[in-house]
Protein chains: 4
Amino acid sequence: MSASRRRIPVTVLGATGAVGQAFVRLLAGHPWFELAEVAASERSVGKRYHEATHWLEGAMPPEAAPLVVESCHPASVKSALVFSALDAAVAGDVEAAFARAGRVVLSNARNFRMAADVPLLIPEVNPDHLALLEAQRRERGWTGAIITNPNCAATVVAMALAPLHRAFGVRQCFVTTLQAISGAGYPGVASLDILGNVIPFIGGGEEEKIETETPKMLGDLVGLTVKPAAIAMSAQVTRVPVEHGHTVCLAIALERRATPEQAMEALEHWAGEIVDLSLPSAPTPPIVVTRDDARPQPRRDVNHGRGMTVTVGRVRRDPILDLRLVALGHNIQRGAAGASILNAELAVARGIVTL
Amino acid sequence: MSASRRRIPVTVLGATGAVGQAFVRLLAGHPWFELAEVAASERSVGKRYHEATHWLEGAMPPEAAPLVVESCHPASVKSALVFSALDAAVAGDVEAAFARAGRVVLSNARNFRMAADVPLLIPEVNPDHLALLEAQRRERGWTGAIITNPNCAATVVAMALAPLHRAFGVRQCFVTTLQAISGAGYPGVASLDILGNVIPFIGGGEEEKIETETPKMLGDLVGLTVKPAAIAMSAQVTRVPVEHGHTVCLAIALERRATPEQAMEALEHWAGEIVDLSLPSAPTPPIVVTRDDARPQPRRDVNHGRGMTVTVGRVRRDPILDLRLVALGHNIQRGAAGASILNAELAVARGIVTL
Amino acid sequence: MSASRRRIPVTVLGATGAVGQAFVRLLAGHPWFELAEVAASERSVGKRYHEATHWLEGAMPPEAAPLVVESCHPASVKSALVFSALDAAVAGDVEAAFARAGRVVLSNARNFRMAADVPLLIPEVNPDHLALLEAQRRERGWTGAIITNPNCAATVVAMALAPLHRAFGVRQCFVTTLQAISGAGYPGVASLDILGNVIPFIGGGEEEKIETETPKMLGDLVGLTVKPAAIAMSAQVTRVPVEHGHTVCLAIALERRATPEQAMEALEHWAGEIVDLSLPSAPTPPIVVTRDDARPQPRRDVNHGRGMTVTVGRVRRDPILDLRLVALGHNIQRGAAGASILNAELAVARGIVTL
Amino acid sequence: MSASRRRIPVTVLGATGAVGQAFVRLLAGHPWFELAEVAASERSVGKRYHEATHWLEGAMPPEAAPLVVESCHPASVKSALVFSALDAAVAGDVEAAFARAGRVVLSNARNFRMAADVPLLIPEVNPDHLALLEAQRRERGWTGAIITNPNCAATVVAMALAPLHRAFGVRQCFVTTLQAISGAGYPGVASLDILGNVIPFIGGGEEEKIETETPKMLGDLVGLTVKPAAIAMSAQVTRVPVEHGHTVCLAIALERRATPEQAMEALEHWAGEIVDLSLPSAPTPPIVVTRDDARPQPRRDVNHGRGMTVTVGRVRRDPILDLRLVALGHNIQRGAAGASILNAELAVARGIVTL
């Protein structure tokens, strides 16, 4: 897009919650998109955004504050491009209604992620999966579309595995996560549950999401379907008293042998599949490799690349399989709202959304 | 020991540090042992214990406070039974000198753990390894002995694996740990490094300890040597902002298939190898299994069995191998000072130390 | 009470919440009281206690687990002695109904604390205020009674001021508090609000409670009314990421000059007004003075005297007024459930409740 | 300074420590200053800066990394403008040597703060105190100069009081602080001392600094001396588990009555004394007043104005004196390195340092 073109008006559904606020925050000053409308549950409809929202981080963007909260129905919302931060409980019906009504929905919800005709998209990893939209429109009769981004922890796993899978083939991956509290939204995790503590569980099928979403993302497009990658996944999640940043510890079996040094080169030299597009939210490079044994650390590394860079460290030989490593990504930026916005940028670049 | 017998005088080497203090705290009111002497580095020698020590937890036991700190030499210390909380930098020479001088040393240091003739002991797991002392005395010409307890994280791993290994045979184990700050001693981890943060590394070869100490502990005694168990181990450690309690996440491959329910039964019904001895510090049962998905949690579960019980939860089928589970143990009680004291109790019960 | 007497059956109203759970925990094994019934909101009525409750700390007492949750009405509850952990929103009506029905209610709620005919009681401080019950019964026609304990932060302030007020007269007191998250109940404070953070406010009129409850407690009984102490109070509260323990920083003006040494003596030698009664929950002494500049600290000092002791430190000359000091007390034990139980013990010792 | 002028070369003394690193971080990209040299203790001399430094926050500025660490002697350092992050143990002699050698030293150390001929400077508060340099040079015979910035907590107190003192006269001020761990440097506070805890003490005379530095800063210049403001101060400090940001709770007595609304207006409308100079690090406005009861909060408000803005909230009538309020400032930016840099900018603007 040329700098002179005017910005595309967009709407955030579920704008008052934690992820919705992140959309509003990241869209402020976005070069391509302009926050035109906010929508939320009936309780908030008709209020000004600043009245309806308990703002969580930094200062509310002044252009968002006076917006009147709309209802989450296509009839109430004008934008052709819609970001969904809706709860899974309602996201299914609402997002389908918008797609049916001709809108392009960038969804952070889990409802459609595993549907065969819905792209589960990380632009650097599988931009070709956008081709699923053709099947989606044909089968569902939608004039719009739904494009989803993965679970926040699955995002970090998929980013770290993608270059290794391309270079050496990944066969197996054991994952243990240490996930930040902001991943649970607001009010989310009670302080009495997490202060000085660890919780070895996250509800909503977090482990299954990591185990199933990752192979879909790393899968190959065959015709208009995705053949999931043949990667056996095993995940154990934990919640830790960290504000932002999911840390994932991986043990990896490869198809073709690779030394830790070769693995680090593959990770460092990986430009992602969209390097030529210069998408505004795409970090360069997408992955940074650290050789400092004590890194990555969420508090110190989470904001690299405005939260869109994944930091990988402790790359070494695994005593049983091939590789061990630790990866860190920002669960809100890279893992939720920022991910949807990057997906929208790709959709614009590919002409799926036009002004 | 009958209640009427008088208590055995013991000495703590390295008594002013964090683990040394834990020895002093746990020995206060011990039914079999009486803290007779404290010893530490030259800087503290000659001072009263309460003057030489920055006490970390609860109130200093009144009987310890007035003790004059002795030098860490056999000539300065009378007790036949000696607990070593010494740093690895000095533990090797000092502990050997005491063993040579006829003392039984219960050591928390890493120096002798992997020596072929030194028991690496958890009474519930491998009490028969005490037989190595015969080889130790013969080969080294010592009239005393060194008995070691394992690394704090390896302890939790070995406790959780022992019943499964006995029942089904463990072939492989992937470990990710979330370790408490108290495991690093005092001052240990700087608050600027860990507040709201995770560090994916612990110095001193923590991962190697877990990978090598566990098979030795679970190994079979063959003649006067231990044949390590044929368990392939892979460990990734992390430090988390938790005061006490190491959480370990395991993925386990078995020799013989077992359902999660069978695994839980094996864990719950395991009495350990010393149930008949009624050692004062041995918890009954040694392992508690929780079926609450959100447990174990360090802050809520670490003190079960006065910190000597290991709590196991999230036992389930692993998508790749056989089992997944999470285990938690107190790194100071079960993993350091309390471990040495329990070892000493076994040594007394077996007649290795007599009054 | 002699050891042979049987225990008095008691009921906890609001038993499923955080303070209610603390009552249940502290009543387990109480020498005088026996938890006979639990009552809670209609949502829980009819369930077993262990089904209705998300238990927060340690293990649920086995005797409590199978109790069927009753309705919070006098007709549903048999005990003559009733502990109220009810929310202020409902406590007023419910507690009055129980008192009207002849029950003695020990309340942790704020509703009746400042009523002229209701004792706001700390046994060590103002046991004579129990005389208000005569007025209460006469004026309200109740055959039962309501006895309240103060706000958790006001409790720590009043305990620290009481010996100084008796000895030297307190004229003014500036208070800044650092309050633990458990004071807000469960789920209470969201972790995103408090992790690595401070909140300079606590809702529900926390500052006003400290400013008004303290003078009432330190006031003199004149006939059947309490004349509040003439102490000007100014309070600023904050919430800090601490699990248990409210720290209060005081600057104090006295009627009669006192050196810090004299103040510490007054605090240390204060036995409280009930020393002769040997109440089971009353710590001896009620206040411990530390001369360690770095104390009191919540994590290290909060459990002194099973959480009933108040620890005072940093006693020194104030550059403007007379004294500066820092006091710490356990907000659940000394400041809520434990406080009500101690009040009940006094009520029993004074014959207000009989078996 | 015009944008075309070249930047002034500067040196940081004590560049490897926590405050030294903050200088290096803040000087990167500074429009007027260019980091030309770093100096530190003999242990680091001769090493590259990146080899000598355990970098704490974000990424090390690339221009600093290759600098060779110099010795802290005037002979080893060329810059006319020198920032001192030295420890008090050595700062006295070293800073004097530099001033004697004709250098202008901007010092964060406490050694010279209270000297009668040394400016204790906050540009917005007392820029006229720079006149003391005339006395300093005359009396000491220095061709250079020493300009100090106050203690980090005193800075926040003085900033909040300055507008009130100008408008209404401050007579008394009771201070309780909740200070961040980064104020103690690195490694600083041990995590075992502060995780989930509060420490009611900070060594090095923190309370005295607040009580004595504040009146000096708010004092009037009379001839070439400063007459301290007649403000009686009383301070209690605490350390809390917060990364950055000192929170101070104030109770204030005024000379002339003011309502909270008038106080907020005075705070909000205060432009500081240097508004016309447009110094690069000076925030506009210097103070932000929040009317949200739950603010200011360190994690959410500390970075306003790139850490140079002080946020004031909870402004209300004090029940005893006149006003209560809570102020928050960044202890590193506003309270240490950033403060010295702002002082240097003023020195440049006033012609004390020239290119």
# chains A, B, ... in the order shown; residues from 1 in each chain; ligands from 1
call {"tool": "interface_residues", "arguments": {"of": "chain B", "to": "chain D", "cutoff": "6 Å", "atoms": "only C-alpha atoms", "output": "list in words"}}
result
Pro187, Val189, Ala190 and Ser191 of chain B
call {"tool": "closest_atom_pairs", "arguments": {"of": "stretch 228-316 of chain C", "to": "stretch 299-317 of chain D", "cutoff": "12 Å", "atoms": "only C-alpha atoms", "output": "Markdown table"}}
result
| residue | atom | partner | partner_atom | distance |
| --- | --- | --- | --- | --- |
| C:Ser234 | CA | D:Arg317 | CA | 9.8 |
| C:Ala235 | CA | D:Arg317 | CA | 11.1 |
| C:Gln236 | CA | D:Arg314 | CA | 9.2 |
| C:Val237 | CA | D:Arg314 | CA | 10.6 |
| C:Thr238 | CA | D:Arg314 | CA | 11.2 |
call {"tool": "select_by_dssp", "arguments": {"residues": "stretch 129-268 of chain B", "states": "strand (DSSP E)", "output": "number ranges by chain"}}
result
B: 145-148, 170-178, 220-222, 225-227, 232-236, 246-254
call {"tool": "write_last_selection", "arguments": {"atoms": "N, CA and C atoms", "output": "short mmCIF file (atom, residue, chain, number, x, y, z; two decimals), in the first residue's frame"}}
result
data_model
loop_
_atom_site.label_atom_id
_atom_site.label_comp_id
_atom_site.auth_asym_id
_atom_site.auth_seq_id
_atom_site.Cartn_x
_atom_site.Cartn_y
_atom_site.Cartn_z
N ALA B 145 32.73 -43.01 56.44
CA ALA B 145 32.01 -43.25 55.20
C ALA B 145 31.41 -41.94 54.69
N ILE B 146 31.13 -41.93 53.38
CA ILE B 146 30.37 -40.83 52.80
C ILE B 146 29.12 -41.39 52.15
N ILE B 147 27.99 -40.86 52.54
CA ILE B 147 26.70 -41.21 51.94
C ILE B 147 26.13 -39.91 51.38
N THR B 148 25.74 -39.92 50.12
CA THR B 148 25.26 -38.67 49.52
C THR B 148 23.75 -38.75 49.25
N VAL B 170 10.93 -48.19 33.34
CA VAL B 170 10.96 -46.91 32.65
C VAL B 170 12.09 -46.96 31.62
N ARG B 171 11.79 -46.58 30.38
CA ARG B 171 12.78 -46.62 29.31
C ARG B 171 13.35 -45.25 28.98
N GLN B 172 12.45 -44.28 28.94
CA GLN B 172 12.84 -42.93 28.56
C GLN B 172 12.09 -41.96 29.46
N CYS B 173 12.72 -40.81 29.69
CA CYS B 173 12.01 -39.78 30.46
C CYS B 173 12.48 -38.40 30.03
N PHE B 174 11.52 -37.61 29.54
CA PHE B 174 11.78 -36.20 29.23
C PHE B 174 11.33 -35.37 30.42
N VAL B 175 12.23 -34.51 30.89
CA VAL B 175 11.98 -33.73 32.11
C VAL B 175 12.06 -32.25 31.79
N THR B 176 11.05 -31.50 32.22
CA THR B 176 11.20 -30.04 32.28
C THR B 176 10.91 -29.63 33.72
N THR B 177 11.82 -28.86 34.32
CA THR B 177 11.63 -28.47 35.71
C THR B 177 11.26 -26.99 35.81
N LEU B 178 10.53 -26.66 36.88
CA LEU B 178 10.26 -25.27 37.28
C LEU B 178 10.73 -25.18 38.72
N ASP B 220 20.37 -51.20 39.76
CA ASP B 220 20.39 -52.41 40.59
C ASP B 220 21.77 -52.61 41.20
N LEU B 221 21.76 -53.08 42.41
CA LEU B 221 23.00 -53.44 43.08
C LEU B 221 23.42 -54.81 42.57
N VAL B 222 24.62 -54.87 41.99
CA VAL B 222 25.15 -56.13 41.49
C VAL B 222 26.48 -56.32 42.19
N THR B 225 28.60 -53.19 43.27
CA THR B 225 28.50 -52.02 42.40
C THR B 225 27.05 -51.82 41.99
N VAL B 226 26.76 -50.59 41.54
CA VAL B 226 25.42 -50.29 41.06
C VAL B 226 25.43 -50.26 39.55
N LYS B 227 24.55 -51.04 38.96
CA LYS B 227 24.38 -51.00 37.51
C LYS B 227 23.26 -50.00 37.23
N ALA B 232 16.89 -43.64 29.40
CA ALA B 232 17.41 -42.47 28.69
C ALA B 232 16.72 -41.24 29.23
N MET B 233 17.49 -40.26 29.63
CA MET B 233 16.95 -39.06 30.28
C MET B 233 17.30 -37.83 29.47
N SER B 234 16.35 -36.88 29.42
CA SER B 234 16.58 -35.58 28.78
C SER B 234 15.95 -34.51 29.65
N ALA B 235 16.76 -33.54 30.07
CA ALA B 235 16.25 -32.55 31.02
C ALA B 235 16.44 -31.12 30.54
N GLN B 236 15.43 -30.31 30.76
CA GLN B 236 15.50 -28.85 30.58
C GLN B 236 15.07 -28.24 31.90
N HIS B 246 10.17 -27.63 43.93
CA HIS B 246 10.53 -27.86 42.54
C HIS B 246 9.41 -28.67 41.88
N THR B 247 8.90 -28.17 40.77
CA THR B 247 7.90 -28.86 39.97
C THR B 247 8.60 -29.49 38.78
N VAL B 248 8.34 -30.77 38.54
CA VAL B 248 8.94 -31.42 37.38
C VAL B 248 7.83 -32.01 36.51
N CYS B 249 7.93 -31.75 35.20
CA CYS B 249 6.96 -32.24 34.23
C CYS B 249 7.61 -33.37 33.45
N LEU B 250 7.01 -34.54 33.48
CA LEU B 250 7.64 -35.72 32.89
C LEU B 250 6.81 -36.31 31.76
N ALA B 251 7.50 -36.74 30.71
CA ALA B 251 6.91 -37.61 29.68
C ALA B 251 7.72 -38.90 29.73
N ILE B 252 7.03 -40.02 29.84
CA ILE B 252 7.67 -41.28 30.23
C ILE B 252 7.34 -42.39 29.24
N ALA B 253 8.39 -43.10 28.81
CA ALA B 253 8.19 -44.33 28.04
C ALA B 253 8.46 -45.54 28.95
N LEU B 254 7.57 -46.51 28.89
CA LEU B 254 7.67 -47.68 29.76
C LEU B 254 8.09 -48.91 28.97
#
call {"tool": "residues_around", "arguments": {"residues": "stretch 18-33 of chain B", "least_positions_apart": "3", "cutoff": "8 Å", "atoms": "only C-alpha atoms", "output": "ChimeraX atom specification"}}
result
/B:1,3,6-10,12-15,55-56,60-61,63-64,83-86,185-186,280,332-333,336-338,341,345
call {"tool": "atom_distance", "arguments": {"atom1": "atom CA of D:Glu124", "atom2": "atom CA of D:Ile287"}}
result
10.3 Å
call {"tool": "atom_distance", "arguments": {"atom1": "atom CA of A:Arg103", "atom2": "atom CA of A:Glu139"}}
result
16.5 Å
call {"tool": "residues_around", "arguments": {"residues": "stretch 41-44 of chain A", "least_positions_apart": "6", "cutoff": "9 Å", "atoms": "only C-alpha atoms", "output": "PDB file with N, CA and C atoms, in the first residue's frame"}}
result
ATOM      1  N   LEU A  13     -14.519  -6.725  17.313  1.00  0.00           N
ATOM      2  CA  LEU A  13     -15.608  -7.376  18.049  1.00  0.00           C
ATOM      3  C   LEU A  13     -15.067  -7.880  19.387  1.00  0.00           C
ATOM      4  N   GLY A  14     -15.801  -7.643  20.457  1.00  0.00           N
ATOM      5  CA  GLY A  14     -15.293  -8.028  21.781  1.00  0.00           C
ATOM      6  C   GLY A  14     -14.224  -7.057  22.238  1.00  0.00           C
ATOM      7  N   THR A  16     -13.997  -4.769  24.500  1.00  0.00           N
ATOM      8  CA  THR A  16     -13.784  -4.320  25.882  1.00  0.00           C
ATOM      9  C   THR A  16     -12.922  -5.280  26.695  1.00  0.00           C
ATOM     10  N   GLU A  51     -16.164   4.465  28.680  1.00  0.00           N
ATOM     11  CA  GLU A  51     -17.036   4.189  29.823  1.00  0.00           C
ATOM     12  C   GLU A  51     -17.229   2.690  30.025  1.00  0.00           C
ATOM     13  N   ALA A  52     -17.215   1.967  28.921  1.00  0.00           N
ATOM     14  CA  ALA A  52     -17.541   0.540  28.979  1.00  0.00           C
ATOM     15  C   ALA A  52     -16.335  -0.323  29.325  1.00  0.00           C
ATOM     16  N   THR A  53     -15.151   0.277  29.366  1.00  0.00           N
ATOM     17  CA  THR A  53     -13.929  -0.523  29.410  1.00  0.00           C
ATOM     18  C   THR A  53     -13.088  -0.210  30.648  1.00  0.00           C
ATOM     19  N   VAL A  69     -20.037   1.989  21.617  1.00  0.00           N
ATOM     20  CA  VAL A  69     -19.952   0.546  21.452  1.00  0.00           C
ATOM     21  C   VAL A  69     -21.173   0.043  20.694  1.00  0.00           C
ATOM     22  N   GLU A  70     -20.908  -0.715  19.620  1.00  0.00           N
ATOM     23  CA  GLU A  70     -21.975  -1.268  18.794  1.00  0.00           C
ATOM     24  C   GLU A  70     -22.260  -2.709  19.201  1.00  0.00           C
ATOM     25  N   SER A  71     -23.351  -3.208  18.688  1.00  0.00           N
ATOM     26  CA  SER A  71     -23.712  -4.603  18.892  1.00  0.00           C
ATOM     27  C   SER A  71     -22.910  -5.487  17.927  1.00  0.00           C
ATOM     28  N   CYS A  72     -22.669  -6.749  18.320  1.00  0.00           N
ATOM     29  CA  CYS A  72     -21.857  -7.643  17.487  1.00  0.00           C
ATOM     30  C   CYS A  72     -22.704  -8.308  16.404  1.00  0.00           C
TER      31      CYS A  72
END
call {"tool": "residues_around", "arguments": {"residues": "B:Leu120", "least_positions_apart": "5", "cutoff": "12 Å", "atoms": "only C-alpha atoms", "output": "ChimeraX atom specification"}}
result
/B:106-115,125-133,146-151,154-155,158,209,212-219,221,225-226,228,339-340,343
call {"tool": "write_last_selection", "arguments": {"atoms": "N, CA and C atoms", "output": "compact mmCIF listing (two decimals), in the first residue's frame"}}
result
# COMPACT_ATOMS: atom_id res chain seq x y z
N LEU B 106 27.08 -37.46 55.95
CA LEU B 106 25.88 -37.41 55.12
C LEU B 106 25.97 -36.13 54.32
N SER B 107 26.19 -36.26 53.04
CA SER B 107 26.56 -35.10 52.24
C SER B 107 25.47 -34.70 51.26
N ASN B 108 25.26 -33.39 51.21
CA ASN B 108 24.34 -32.80 50.23
C ASN B 108 25.10 -32.27 49.02
N ALA B 109 26.43 -32.36 49.04
CA ALA B 109 27.24 -31.81 47.94
C ALA B 109 27.30 -32.81 46.78
N ARG B 110 27.66 -32.26 45.62
CA ARG B 110 27.63 -33.12 44.44
C ARG B 110 28.90 -33.93 44.24
N ASN B 111 29.97 -33.57 44.98
CA ASN B 111 31.29 -34.08 44.64
C ASN B 111 31.40 -35.59 44.52
N PHE B 112 30.82 -36.33 45.47
CA PHE B 112 30.98 -37.79 45.48
C PHE B 112 29.77 -38.54 44.95
N ARG B 113 28.74 -37.80 44.52
CA ARG B 113 27.49 -38.49 44.17
C ARG B 113 27.67 -39.59 43.13
N MET B 114 28.48 -39.30 42.11
CA MET B 114 28.57 -40.25 41.00
C MET B 114 29.75 -41.21 41.14
N ALA B 115 30.46 -41.13 42.26
CA ALA B 115 31.55 -42.09 42.49
C ALA B 115 30.97 -43.50 42.62
N VAL B 125 13.81 -45.40 47.98
CA VAL B 125 14.08 -45.85 46.62
C VAL B 125 15.15 -46.95 46.55
N ASN B 126 16.27 -46.71 47.18
CA ASN B 126 17.40 -47.63 46.99
C ASN B 126 18.20 -47.86 48.26
N PRO B 127 17.54 -48.28 49.34
CA PRO B 127 18.27 -48.46 50.60
C PRO B 127 19.37 -49.52 50.48
N ASP B 128 19.18 -50.46 49.56
CA ASP B 128 20.19 -51.50 49.40
C ASP B 128 21.52 -50.95 48.89
N HIS B 129 21.52 -49.75 48.29
CA HIS B 129 22.77 -49.17 47.80
C HIS B 129 23.74 -48.84 48.94
N LEU B 130 23.25 -48.88 50.16
CA LEU B 130 24.15 -48.67 51.30
C LEU B 130 25.27 -49.71 51.31
N ALA B 131 25.03 -50.84 50.65
CA ALA B 131 26.06 -51.88 50.58
C ALA B 131 27.34 -51.39 49.91
N LEU B 132 27.23 -50.31 49.12
CA LEU B 132 28.44 -49.75 48.49
C LEU B 132 29.48 -49.33 49.53
N LEU B 133 29.02 -49.08 50.76
CA LEU B 133 29.97 -48.62 51.78
C LEU B 133 31.07 -49.64 52.02
N ILE B 146 31.13 -41.93 53.38
CA ILE B 146 30.37 -40.83 52.80
C ILE B 146 29.12 -41.39 52.15
N ILE B 147 27.99 -40.86 52.54
CA ILE B 147 26.70 -41.21 51.94
C ILE B 147 26.13 -39.91 51.38
N THR B 148 25.74 -39.92 50.12
CA THR B 148 25.26 -38.67 49.52
C THR B 148 23.75 -38.75 49.25
N ASN B 149 23.15 -37.56 49.20
CA ASN B 149 21.77 -37.49 48.70
C ASN B 149 21.81 -36.75 47.37
N PRO B 150 20.84 -37.03 46.51
CA PRO B 150 20.91 -36.48 45.15
C PRO B 150 20.57 -35.00 45.09
N ASN B 151 20.84 -34.43 43.93
CA ASN B 151 20.38 -33.09 43.55
C ASN B 151 18.89 -32.96 43.84
N ALA B 154 16.64 -33.85 40.89
CA ALA B 154 16.75 -35.28 40.60
C ALA B 154 15.99 -36.10 41.64
N THR B 155 15.95 -35.61 42.87
CA THR B 155 15.23 -36.31 43.92
C THR B 155 13.75 -36.45 43.58
N ALA B 158 13.35 -38.88 40.68
CA ALA B 158 13.59 -40.28 41.06
C ALA B 158 12.45 -40.83 41.92
N LYS B 209 22.99 -33.38 36.11
CA LYS B 209 22.74 -34.09 37.37
C LYS B 209 21.45 -34.90 37.28
N THR B 212 22.01 -37.92 35.00
CA THR B 212 22.92 -38.99 35.41
C THR B 212 22.60 -39.55 36.79
N GLU B 213 22.13 -38.72 37.69
CA GLU B 213 21.87 -39.22 39.05
C GLU B 213 20.65 -40.13 39.10
N THR B 214 19.65 -39.80 38.29
CA THR B 214 18.41 -40.60 38.34
C THR B 214 18.68 -42.06 37.97
N PRO B 215 19.35 -42.36 36.84
CA PRO B 215 19.62 -43.79 36.53
C PRO B 215 20.46 -44.47 37.61
N LYS B 216 21.40 -43.77 38.21
CA LYS B 216 22.18 -44.42 39.27
C LYS B 216 21.27 -44.81 40.43
N MET B 217 20.40 -43.90 40.85
CA MET B 217 19.52 -44.20 41.98
C MET B 217 18.58 -45.35 41.68
N LEU B 218 18.09 -45.41 40.47
CA LEU B 218 17.14 -46.46 40.10
C LEU B 218 17.84 -47.72 39.62
N GLY B 219 19.18 -47.74 39.71
CA GLY B 219 19.94 -48.89 39.25
C GLY B 219 19.91 -50.05 40.23
N LEU B 221 21.76 -53.08 42.41
CA LEU B 221 23.00 -53.44 43.08
C LEU B 221 23.42 -54.81 42.57
N THR B 225 28.60 -53.19 43.27
CA THR B 225 28.50 -52.02 42.40
C THR B 225 27.05 -51.82 41.99
N VAL B 226 26.76 -50.59 41.54
CA VAL B 226 25.42 -50.29 41.06
C VAL B 226 25.43 -50.26 39.55
N PRO B 228 23.60 -48.87 36.60
CA PRO B 228 22.57 -47.84 36.40
C PRO B 228 21.39 -48.38 35.61
N ALA B 339 16.63 -34.63 53.21
CA ALA B 339 17.07 -35.86 52.55
C ALA B 339 18.27 -36.46 53.28
N SER B 340 19.23 -35.63 53.65
CA SER B 340 20.42 -36.12 54.36
C SER B 340 20.03 -36.68 55.73
N ASN B 343 18.52 -39.99 55.31
CA ASN B 343 19.60 -40.94 55.04
C ASN B 343 20.32 -41.34 56.33
call {"tool": "residues_around", "arguments": {"residues": "C:Ala99", "least_positions_apart": "6", "cutoff": "10 Å", "atoms": "only C-alpha atoms", "output": "PDB file with C-alpha atoms, in the first residue's frame"}}
result
ATOM      1  CA  PRO C  74     -31.962 -19.330  62.170  1.00  0.00           C
ATOM      2  CA  ALA C  80     -26.227 -21.285  69.831  1.00  0.00           C
ATOM      3  CA  VAL C  82     -22.563 -18.666  65.202  1.00  0.00           C
ATOM      4  CA  VAL C 105     -23.187 -14.080  66.561  1.00  0.00           C
ATOM      5  CA  ARG C 137     -30.318  -6.681  74.402  1.00  0.00           C
ATOM      6  CA  ARG C 140     -33.112  -4.241  70.520  1.00  0.00           C
ATOM      7  CA  GLY C 141     -35.036  -6.803  72.505  1.00  0.00           C
ATOM      8  CA  TRP C 142     -32.700  -9.523  71.312  1.00  0.00           C
ATOM      9  CA  THR C 143     -32.243 -12.671  73.359  1.00  0.00           C
ATOM     10  CA  GLY C 144     -29.049 -13.383  71.423  1.00  0.00           C
ATOM     11  CA  ALA C 145     -26.241 -10.963  70.655  1.00  0.00           C
ATOM     12  CA  ILE C 146     -23.861  -9.622  68.033  1.00  0.00           C
ATOM     13  CA  ILE C 147     -20.180  -9.211  68.839  1.00  0.00           C
TER      14      ILE C 147
END
call {"tool": "select_by_dssp", "arguments": {"residues": "stretch 144-349 of chain B", "states": "alpha helix (DSSP H)", "output": "VMD selection string"}}
result
chain B and resid 152 to 168 191 to 194 206 to 217 260 to 269 298 to 301 337 to 349
